[in-house]
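Data file: entry17.cif. Format and content: mmCIF, C-alpha atoms and all ligand atoms.
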data_protein
#
loop_
_atom_site.label_atom_id
_atom_site.label_comp_id
_atom_site.auth_asym_id
_atom_site.auth_seq_id
_atom_site.Cartn_x
_atom_site.Cartn_y
_atom_site.Cartn_z
CA MET A 192 16.98 -23.40 14.35
CA THR A 193 15.11 -20.41 12.93
CA LYS A 194 13.27 -18.03 15.22
CA ARG A 195 9.53 -17.63 15.20
CA PRO A 196 8.56 -14.92 12.68
CA ALA A 197 8.12 -11.43 14.09
CA VAL A 198 4.64 -9.98 13.99
CA GLY A 199 5.57 -6.28 14.07
CA ASP A 200 7.95 -4.86 11.47
CA LYS A 201 6.83 -5.91 7.97
CA GLN A 202 10.23 -6.38 6.38
CA GLU A 203 11.50 -8.33 9.37
CA ARG A 204 8.39 -10.52 9.35
CA GLY A 205 8.89 -11.31 5.65
CA GLN A 206 12.51 -12.30 6.25
CA ASP A 207 11.60 -14.46 9.25
CA VAL A 208 8.87 -16.25 7.25
CA GLN A 209 11.39 -16.89 4.45
CA ALA A 210 13.98 -18.34 6.86
CA MET A 211 11.36 -20.48 8.57
CA PHE A 212 10.05 -22.08 5.35
CA ALA A 213 13.61 -22.59 4.05
CA SER A 214 14.37 -24.60 7.19
CA ILE A 215 11.23 -26.78 7.15
CA ALA A 216 11.11 -27.28 3.33
CA PRO A 217 12.40 -30.90 3.34
CA ARG A 218 9.71 -32.02 5.82
CA TYR A 219 6.91 -29.67 4.75
CA ASP A 220 4.88 -32.12 2.62
CA LEU A 221 5.10 -34.94 5.15
CA LEU A 222 4.00 -32.62 7.95
CA ASN A 223 1.07 -31.32 5.93
CA ARG A 224 -0.26 -34.85 5.51
CA VAL A 225 0.34 -35.84 9.14
CA LEU A 226 -0.97 -32.66 10.78
CA SER A 227 -4.12 -32.46 8.65
CA LEU A 228 -4.61 -36.26 8.66
CA GLY A 229 -4.68 -36.03 4.85
CA VAL A 230 -7.76 -33.79 4.81
CA ASP A 231 -5.79 -30.96 3.14
CA ARG A 232 -6.02 -32.85 -0.18
CA GLY A 233 -9.81 -32.50 -0.23
CA TRP A 234 -9.57 -28.79 0.64
CA ARG A 235 -7.16 -28.23 -2.25
CA ARG A 236 -9.46 -30.09 -4.65
CA ALA A 237 -12.44 -27.93 -3.63
CA ALA A 238 -10.40 -24.72 -3.98
CA ALA A 239 -9.06 -25.83 -7.37
CA GLN A 240 -12.62 -26.37 -8.63
CA GLU A 241 -13.48 -22.76 -7.71
CA ALA A 242 -10.33 -21.44 -9.36
CA LEU A 243 -10.92 -23.37 -12.59
CA ALA A 244 -14.68 -22.81 -12.83
CA LEU A 245 -14.26 -19.97 -15.36
CA SER A 246 -11.81 -22.01 -17.50
CA PRO A 247 -8.79 -19.71 -17.04
CA ALA A 248 -6.05 -19.87 -19.69
CA ARG A 249 -3.35 -18.53 -17.34
CA VAL A 250 -3.25 -19.27 -13.60
CA LEU A 251 -0.84 -17.88 -11.02
CA ASP A 252 -0.46 -19.81 -7.75
CA VAL A 253 1.01 -17.32 -5.28
CA ALA A 254 3.06 -18.62 -2.30
CA THR A 255 3.09 -21.96 -4.11
CA GLY A 256 5.65 -23.52 -1.75
CA THR A 257 6.30 -27.13 -2.81
CA ALA A 258 3.69 -26.70 -5.56
CA ASP A 259 0.96 -29.02 -4.27
CA PHE A 260 -1.76 -26.60 -5.31
CA ALA A 261 -0.12 -25.65 -8.62
CA LEU A 262 0.12 -29.37 -9.48
CA GLU A 263 -3.51 -29.93 -8.49
CA LEU A 264 -4.49 -27.10 -10.87
CA LYS A 265 -2.39 -28.44 -13.73
CA THR A 266 -3.75 -31.98 -13.26
CA ARG A 267 -7.32 -30.69 -13.43
CA ALA A 268 -6.71 -28.21 -16.26
CA PRO A 269 -3.90 -29.60 -18.45
CA GLN A 270 -4.59 -26.99 -21.14
CA ALA A 271 -4.02 -24.06 -18.76
CA GLU A 272 -0.65 -22.38 -18.31
CA VAL A 273 0.13 -22.68 -14.58
CA VAL A 274 2.78 -20.53 -12.91
CA GLY A 275 3.74 -20.99 -9.25
CA SER A 276 5.51 -18.21 -7.41
CA ASP A 277 7.18 -18.21 -3.98
CA PHE A 278 9.97 -16.33 -2.22
CA VAL A 279 11.66 -19.45 -0.77
CA PRO A 280 13.87 -21.24 -3.34
CA GLU A 281 14.17 -24.35 -1.12
CA MET A 282 10.38 -24.88 -1.31
CA LEU A 283 10.35 -24.30 -5.10
CA ALA A 284 13.19 -26.81 -5.61
CA ILE A 285 11.05 -29.56 -4.04
CA GLY A 286 8.08 -28.47 -6.15
CA ARG A 287 10.19 -28.80 -9.33
CA GLN A 288 11.17 -32.36 -8.40
CA LYS A 289 7.51 -33.25 -7.85
CA ALA A 290 6.43 -31.66 -11.15
CA ALA A 291 9.15 -33.57 -13.03
CA ALA A 292 8.22 -36.87 -11.32
CA ARG A 293 4.58 -36.38 -12.33
CA HIS A 294 5.43 -35.13 -15.85
CA LEU A 295 3.46 -31.93 -15.26
CA GLN A 296 4.53 -28.70 -16.94
CA VAL A 297 4.28 -25.91 -14.39
CA SER A 298 6.60 -22.97 -14.23
CA LEU A 299 7.91 -22.40 -10.67
CA GLU A 300 9.41 -18.95 -10.25
CA GLU A 301 10.90 -16.93 -7.41
CA GLY A 302 8.89 -13.86 -6.43
CA ASP A 303 7.52 -11.89 -3.48
CA ALA A 304 3.73 -11.94 -3.23
CA LEU A 305 3.79 -8.33 -2.06
CA ASN A 306 5.60 -7.22 -5.21
CA LEU A 307 4.70 -9.78 -7.87
CA PRO A 308 7.11 -9.81 -10.82
CA TYR A 309 4.30 -9.91 -13.44
CA PRO A 310 2.65 -7.22 -15.56
CA ASP A 311 -0.85 -5.91 -14.85
CA GLY A 312 -3.68 -8.15 -16.06
CA SER A 313 -1.43 -11.08 -16.94
CA PHE A 314 -3.49 -13.93 -15.34
CA ASP A 315 -7.11 -15.11 -15.50
CA ALA A 316 -6.98 -16.69 -12.04
CA VAL A 317 -4.79 -16.15 -8.99
CA THR A 318 -4.74 -18.73 -6.22
CA CYS A 319 -3.14 -18.84 -2.81
CA ALA A 320 -3.33 -21.90 -0.54
CA PHE A 321 -2.24 -21.46 3.07
CA GLY A 322 0.18 -18.71 2.08
CA PHE A 323 -1.88 -15.55 2.51
CA ARG A 324 -1.87 -15.77 6.32
CA ASN A 325 1.91 -15.41 6.26
CA PHE A 326 1.95 -12.15 4.33
CA ALA A 327 3.33 -9.17 6.23
CA ASP A 328 0.67 -6.93 4.65
CA TYR A 329 -2.72 -8.42 3.66
CA GLU A 330 -4.00 -5.32 1.81
CA ARG A 331 -0.82 -5.16 -0.24
CA GLY A 332 -1.15 -8.89 -1.08
CA LEU A 333 -4.74 -8.40 -2.22
CA SER A 334 -3.90 -5.37 -4.33
CA GLU A 335 -1.15 -7.39 -6.05
CA PHE A 336 -3.66 -10.19 -6.77
CA TRP A 337 -6.02 -7.56 -8.22
CA ARG A 338 -3.29 -5.92 -10.30
CA VAL A 339 -2.03 -9.11 -12.01
CA LEU A 340 -5.58 -10.36 -12.70
CA ALA A 341 -7.20 -9.56 -16.04
CA PRO A 342 -10.72 -8.07 -15.94
CA GLY A 343 -13.17 -10.94 -15.36
CA GLY A 344 -10.47 -12.85 -13.47
CA ARG A 345 -10.87 -14.69 -10.19
CA ALA A 346 -8.81 -14.88 -6.99
CA VAL A 347 -9.17 -17.91 -4.72
CA ILE A 348 -7.69 -17.96 -1.22
CA LEU A 349 -7.64 -21.16 0.83
CA GLU A 350 -6.81 -20.47 4.46
CA PHE A 351 -7.23 -21.48 8.08
CA PRO A 352 -9.61 -19.03 9.74
CA PRO A 353 -9.25 -18.63 13.51
CA PRO A 354 -11.25 -21.40 15.26
CA GLY A 355 -14.79 -20.33 16.11
CA PRO A 356 -16.58 -20.55 19.46
CA GLY A 357 -18.22 -23.76 20.70
CA LEU A 358 -17.01 -27.22 21.53
CA PHE A 359 -15.42 -28.02 18.17
CA GLY A 360 -13.61 -24.66 18.14
CA ALA A 361 -12.32 -25.31 21.67
CA ALA A 362 -11.15 -28.83 20.76
CA PHE A 363 -9.45 -27.55 17.63
CA ARG A 364 -7.83 -24.71 19.56
CA PHE A 365 -6.41 -27.28 21.99
CA TYR A 366 -5.06 -29.44 19.15
CA PHE A 367 -3.59 -26.39 17.44
CA GLN A 368 -1.99 -24.85 20.50
CA HIS A 369 -0.80 -27.93 22.37
CA LEU A 370 -0.55 -31.03 20.16
CA LEU A 371 0.34 -29.64 16.74
CA PRO A 372 3.45 -27.72 17.94
CA ARG A 373 4.79 -30.90 19.57
CA ILE A 374 4.20 -33.17 16.58
CA GLY A 375 5.42 -30.48 14.15
CA GLY A 376 8.49 -29.75 16.26
CA LEU A 377 9.39 -33.44 16.54
CA VAL A 378 9.01 -34.24 12.84
CA SER A 379 10.53 -31.03 11.44
CA GLY A 380 13.14 -30.40 14.13
CA ASN A 381 11.89 -26.80 14.14
CA ALA A 382 9.65 -26.22 17.13
CA ALA A 383 9.48 -22.45 16.46
CA ALA A 384 7.86 -23.02 13.05
CA TYR A 385 5.07 -25.05 14.59
CA THR A 386 4.33 -22.58 17.37
CA TYR A 387 4.22 -19.90 14.68
CA LEU A 388 1.55 -21.84 12.73
CA PRO A 389 -1.16 -21.73 15.46
CA ALA A 390 -0.15 -18.19 16.46
CA SER A 391 -0.55 -17.00 12.87
CA VAL A 392 -3.98 -18.67 12.59
CA LEU A 393 -5.23 -17.17 15.85
CA ALA A 394 -4.06 -13.72 14.69
CA PHE A 395 -5.60 -14.08 11.21
CA PRO A 396 -8.76 -12.09 10.32
CA ASP A 397 -12.00 -14.08 10.58
CA PRO A 398 -13.75 -14.89 7.26
CA GLN A 399 -16.05 -11.84 7.44
CA ARG A 400 -13.14 -9.49 7.96
CA LEU A 401 -11.08 -11.07 5.19
CA GLU A 402 -14.09 -10.68 2.93
CA ARG A 403 -14.31 -6.98 3.78
CA LEU A 404 -10.61 -6.58 2.97
CA MET A 405 -11.19 -8.27 -0.39
CA GLN A 406 -14.20 -6.07 -1.09
CA ALA A 407 -12.20 -2.95 -0.21
CA THR A 408 -9.69 -4.03 -2.89
CA GLY A 409 -12.54 -4.19 -5.41
CA PHE A 410 -13.41 -7.89 -5.47
CA ARG A 411 -16.94 -9.23 -5.49
CA THR A 412 -16.63 -11.93 -2.85
CA ARG A 413 -18.08 -15.04 -1.30
CA HIS A 414 -16.65 -17.68 1.01
CA ARG A 415 -17.46 -21.09 2.38
CA LEU A 416 -16.20 -23.02 5.36
CA LEU A 417 -14.79 -26.56 5.07
CA THR A 418 -14.58 -29.37 7.65
CA PHE A 419 -16.49 -27.63 10.47
CA GLY A 420 -14.73 -24.35 9.75
CA ILE A 421 -11.12 -25.59 10.01
CA ALA A 422 -10.45 -24.23 6.52
CA ALA A 423 -12.15 -21.60 4.36
CA ILE A 424 -12.25 -20.90 0.63
CA HIS A 425 -12.57 -17.24 -0.33
CA VAL A 426 -13.49 -16.38 -3.90
CA GLY A 427 -12.98 -12.86 -5.24
CA ASP A 428 -14.10 -11.90 -8.74
CA LYS A 429 -12.63 -8.91 -10.57
CA LEU A 430 -15.65 -7.80 -12.55
C1 LIG B 501 2.18 -22.91 4.39
S1 LIG B 501 3.11 -22.72 2.89
C2 LIG B 501 1.90 -23.06 1.65
C3 LIG B 501 2.50 -23.61 0.40
C4 LIG B 501 1.52 -24.14 -0.64
N1 LIG B 501 0.71 -23.07 -1.20
C5 LIG B 501 0.64 -25.26 -0.13
O1 LIG B 501 -0.58 -25.19 -0.31
O2 LIG B 501 1.20 -26.21 0.43
C6 LIG B 501 3.28 -20.98 2.78
C7 LIG B 501 4.19 -20.54 1.66
O3 LIG B 501 4.00 -19.12 1.53
C8 LIG B 501 5.23 -18.58 1.12
N2 LIG B 501 5.19 -17.14 1.36
C9 LIG B 501 4.87 -16.51 2.50
N3 LIG B 501 4.95 -15.18 2.34
C10 LIG B 501 5.32 -14.97 1.05
C11 LIG B 501 5.56 -13.81 0.27
N4 LIG B 501 5.47 -12.60 0.79
N5 LIG B 501 5.92 -13.98 -1.01
C12 LIG B 501 6.04 -15.22 -1.56
N6 LIG B 501 5.84 -16.35 -0.87
C13 LIG B 501 5.48 -16.23 0.42
C14 LIG B 501 6.25 -19.36 1.95
O4 LIG B 501 7.53 -19.26 1.41
C15 LIG B 501 5.67 -20.76 1.90
O5 LIG B 501 6.22 -21.50 0.83
#
Show the structure stored in the file as structure tokens.
Amino acid sequence: MTKRPAVGDKQERGQDVQAMFASIAPRYDLLNRVLSLGVDRGWRRAAAQEALALSPARVLDVATGTADFALELKTRAPQAEVVGSDFVPEMLAIGRQKAAARHLQVSLEEGDALNLPYPDGSFDAVTCAFGFRNFADYERGLSEFWRVLAPGGRAVILEFPPPGPGLFGAAFRFYFQHLLPRIGGLVSGNAAAYTYLPASVLAFPDPQRLERLMQATGFRTRHRLLTFGIAAIHVGDKL
């Protein structure tokens, strides 16, 4: 079993996140559907609409994992060149099988989001679905998104903000902290990974703070909450 990713040292955290996703890769898609009760599909559709609104010719899906979001993008914009990048080969391998089964041409490539292996200005849109929270350095991730975007390009981040106050927030917190780790641990055989998930969400910046980080990078930003604030779409335009 892998250990729960460290939160301190950046290099160690990156390596722990890599090991964790390598171990849960075979069950990742199934768990996504079960733990979100299928709602994640609608969130991805809404985020894809934002990413494709400016008709990008080249799209980079960072932390693409098993390529669900990259495939959603390619399905909606068959004319666009879609590249998915991730630093866990086991996740990418599953994504390639899915792309082949659906006859969708996406290029799935190994790469670290904090040091993207692409030249400046090489994409018109950069997307990241449920990957950003795992980065060891958010500012560095954002500055890489900015660097590989062409002027006029758009970054779209789909994430789980920390649950808000109130009854729904409390109920969701309970689900996240007590039920999700048990279901995730049982199905994946990796209990550590599914205690890491709620811990990483609770430690993640709230939407206002993430927006300020994006603005500090240079993006013009907006965000909207989905499903009572369980998920959030952040849009950053490089004007
Ligand atoms: C929760 S999964 C999300 C995968 C996919 N985007 C989706 O929507 O299902 C998070 C992914 O982020 C990747 N990841 C985390 N940190 C990364 C980094 N620094 N560089 C590249 N990939 C990273 C992990 O390998 C994992 O595949």
Output as a tab-separated table one row per residue of chain A within 7 Å of ligand LIG 501 (chain B): the closest atom pair and its distance in Å to one decimal place, counting all atoms listed in the file, sorted by chain and residue number ascending.
residue	atom	partner	partner_atom	distance
A:Gly205	CA	B:LIG501	N4	6.1
A:Val208	CA	B:LIG501	C9	6.2
A:Gln209	CA	B:LIG501	O4	5.5
A:Phe212	CA	B:LIG501	O4	5.5
A:Val253	CA	B:LIG501	C12	6.6
A:Ala254	CA	B:LIG501	N6	3.9
A:Thr255	CA	B:LIG501	N1	3.9
A:Gly256	CA	B:LIG501	O5	3.3
A:Thr257	CA	B:LIG501	C4	6.0
A:Ala258	CA	B:LIG501	C4	6.0
A:Asp259	CA	B:LIG501	O2	5.5
A:Phe260	CA	B:LIG501	O1	5.3
A:Ser276	CA	B:LIG501	C12	6.6
A:Asp277	CA	B:LIG501	N6	3.9
A:Phe278	CA	B:LIG501	C12	4.1
A:Val279	CA	B:LIG501	O4	4.7
A:Met282	CA	B:LIG501	O5	5.8
A:Gly302	CA	B:LIG501	C12	5.8
A:Asp303	CA	B:LIG501	N5	3.6
A:Ala304	CA	B:LIG501	N5	3.7
A:Leu305	CA	B:LIG501	N4	5.4
A:Cys319	CA	B:LIG501	N1	5.9
A:Ala320	CA	B:LIG501	N1	4.3
A:Phe321	CA	B:LIG501	C2	4.7
A:Gly322	CA	B:LIG501	O3	3.9
A:Phe323	CA	B:LIG501	C9	6.8
A:Asn325	CA	B:LIG501	C9	4.9
A:Phe326	CA	B:LIG501	N3	4.7
A:Ala327	CA	B:LIG501	N4	6.8
Output file for the selection above: C-alpha atoms, as a PDB file, in the coordinates of the input:
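Result file again-v8.pdb:
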ATOM      1  CA  GLY A 205       8.890 -11.310   5.650  1.00  0.00           C
ATOM      2  CA  VAL A 208       8.870 -16.250   7.250  1.00  0.00           C
ATOM      3  CA  GLN A 209      11.390 -16.890   4.450  1.00  0.00           C
ATOM      4  CA  PHE A 212      10.050 -22.080   5.350  1.00  0.00           C
ATOM      5  CA  VAL A 253       1.010 -17.320  -5.280  1.00  0.00           C
ATOM      6  CA  ALA A 254       3.060 -18.620  -2.300  1.00  0.00           C
ATOM      7  CA  THR A 255       3.090 -21.960  -4.110  1.00  0.00           C
ATOM      8  CA  GLY A 256       5.650 -23.520  -1.750  1.00  0.00           C
ATOM      9  CA  THR A 257       6.300 -27.130  -2.810  1.00  0.00           C
ATOM     10  CA  ALA A 258       3.690 -26.700  -5.560  1.00  0.00           C
ATOM     11  CA  ASP A 259       0.960 -29.020  -4.270  1.00  0.00           C
ATOM     12  CA  PHE A 260      -1.760 -26.600  -5.310  1.00  0.00           C
ATOM     13  CA  SER A 276       5.510 -18.210  -7.410  1.00  0.00           C
ATOM     14  CA  ASP A 277       7.180 -18.210  -3.980  1.00  0.00           C
ATOM     15  CA  PHE A 278       9.970 -16.330  -2.220  1.00  0.00           C
ATOM     16  CA  VAL A 279      11.660 -19.450  -0.770  1.00  0.00           C
ATOM     17  CA  MET A 282      10.380 -24.880  -1.310  1.00  0.00           C
ATOM     18  CA  GLY A 302       8.890 -13.860  -6.430  1.00  0.00           C
ATOM     19  CA  ASP A 303       7.520 -11.890  -3.480  1.00  0.00           C
ATOM     20  CA  ALA A 304       3.730 -11.940  -3.230  1.00  0.00           C
ATOM     21  CA  LEU A 305       3.790  -8.330  -2.060  1.00  0.00           C
ATOM     22  CA  CYS A 319      -3.140 -18.840  -2.810  1.00  0.00           C
ATOM     23  CA  ALA A 320      -3.330 -21.900  -0.540  1.00  0.00           C
ATOM     24  CA  PHE A 321      -2.240 -21.460   3.070  1.00  0.00           C
ATOM     25  CA  GLY A 322       0.180 -18.710   2.080  1.00  0.00           C
ATOM     26  CA  PHE A 323      -1.880 -15.550   2.510  1.00  0.00           C
ATOM     27  CA  ASN A 325       1.910 -15.410   6.260  1.00  0.00           C
ATOM     28  CA  PHE A 326       1.950 -12.150   4.330  1.00  0.00           C
ATOM     29  CA  ALA A 327       3.330  -9.170   6.230  1.00  0.00           C
TER      30      ALA A 327
END
Requested in this report: Taking the point (10.0, -27.1, 5.1) as given in the file, collect each protein or nucleic acid residue that comes within 10 Å of it, counting only C-alpha atoms, and present the set as number ranges by chain.
Outcome: A: 210-223, 256-257, 279, 281-282, 285, 379, 381, 384
Could you list, as a PDB file with C-alpha atoms, keeping the file's coordinate frame, every residue within 8 Å of Leu295 in chain A, counting all atoms listed in the file and ignoring same-chain residues fewer than 4 positions away?
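After the write, around.pdb holds the following:
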ATOM      1  CA  LEU A 262       0.120 -29.370  -9.480  1.00  0.00           C
ATOM      2  CA  LYS A 265      -2.390 -28.440 -13.730  1.00  0.00           C
ATOM      3  CA  THR A 266      -3.750 -31.980 -13.260  1.00  0.00           C
ATOM      4  CA  ALA A 290       6.430 -31.660 -11.150  1.00  0.00           C
ATOM      5  CA  ALA A 291       9.150 -33.570 -13.030  1.00  0.00           C
TER       6      ALA A 291
END
Query - Pairwise distance for CA of Val392 in chain A and CA of Asp207 in chain A, rounded to one decimal in Å - result: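 Computing it gives 16.5 Å between the two atoms.
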Which residues of range 257-337 of chain A have any atom within 9 Å of an atom in range 224-244 of chain A when counting all atoms listed in the file, and what is the closest pair of atoms for each, with the distance in Å to one decimal? Order the rows by chain and rising number and write it as a tab-separated table.
residue	atom	partner	partner_atom	distance
A:Asp259	CA	A:Arg235	CA	8.4
A:Phe260	CA	A:Arg235	CA	6.4
A:Glu263	CA	A:Ala239	CA	7.0
A:Leu264	CA	A:Ala239	CA	5.9
A:Arg267	CA	A:Ala239	CA	8.0
A:Ala268	CA	A:Leu243	CA	7.4
A:Ala316	CA	A:Ala242	CA	6.4
A:Val317	CA	A:Ala242	CA	7.7
A:Thr318	CA	A:Ala242	CA	7.0
A:Ala320	CA	A:Arg235	CA	7.6
Selected residues written out, C-alpha atoms, as an mmCIF file, keeping the file's coordinate frame:
data_model
loop_
_atom_site.group_PDB
_atom_site.id
_atom_site.type_symbol
_atom_site.label_atom_id
_atom_site.label_comp_id
_atom_site.auth_asym_id
_atom_site.auth_seq_id
_atom_site.Cartn_x
_atom_site.Cartn_y
_atom_site.Cartn_z
ATOM 1 C CA ASP A 259 0.960 -29.020 -4.270
ATOM 2 C CA PHE A 260 -1.760 -26.600 -5.310
ATOM 3 C CA GLU A 263 -3.510 -29.930 -8.490
ATOM 4 C CA LEU A 264 -4.490 -27.100 -10.870
ATOM 5 C CA ARG A 267 -7.320 -30.690 -13.430
ATOM 6 C CA ALA A 268 -6.710 -28.210 -16.260
ATOM 7 C CA ALA A 316 -6.980 -16.690 -12.040
ATOM 8 C CA VAL A 317 -4.790 -16.150 -8.990
ATOM 9 C CA THR A 318 -4.740 -18.730 -6.220
ATOM 10 C CA ALA A 320 -3.330 -21.900 -0.540
#
Query - Nearest candidate to Tyr366 in chain A (options A:Pro308, A:Gly380, A:Pro389, A:Pro353; using all atoms listed in the file) - result: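 Going through A:Pro308, A:Gly380, A:Pro389, A:Pro353 one by one, the smallest distance to Tyr366 in chain A is for A:Pro389.
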For range 397-409 of chain A, take all atoms listed in the file, fit an axis-aligned box around them, add 6 Å to each of the six sides, then output centre and edge lengths in Å rounded to one decimal, as lines of an AutoDock Vina configuration file.
center_x = -12.9
center_y = -8.9
center_z = 2.6
size_x = 18.4
size_y = 23.9
size_z = 28.0
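Shortest atom-to-atom contact with Gly427 in chain A among A:Trp337, A:Tyr309, A:Tyr385, A:Phe314: A:Trp337, counting only C-alpha atoms.
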**Report entry** Option closest in space to Ala248 in chain A, from A:Met405, A:Ala271, A:Leu388, A:Ala362 [counting all atoms listed in the file]
**Finding:** A:Ala271
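We find CA of Ser313 in chain A and CA of Arg338 in chain A to be spaced 8.6 Å apart.
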Report task. To one decimal in Å, tell me the separation between CA of Pro269 in chain A and CA of Ala346 in chain A. Result ->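 Distance reported for this atom pair: 19.3 Å.
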Query - Residue neighbourhood Arg413 in chain A, 8 Å, all atoms listed in the file, exclusion window fewer than 5 positions, as a PyMOL selection string - result: chain A and resi 402+425-427
Query raised in the report: From the set A:Leu404, A:Leu393, A:Leu377, A:Leu299, which residue has the shortest atom-to-atom contact distance to Asp328 in chain A, counting only C-alpha atoms?
Result: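 Among the listed residues, the smallest separation from Asp328 in chain A belongs to A:Leu404.
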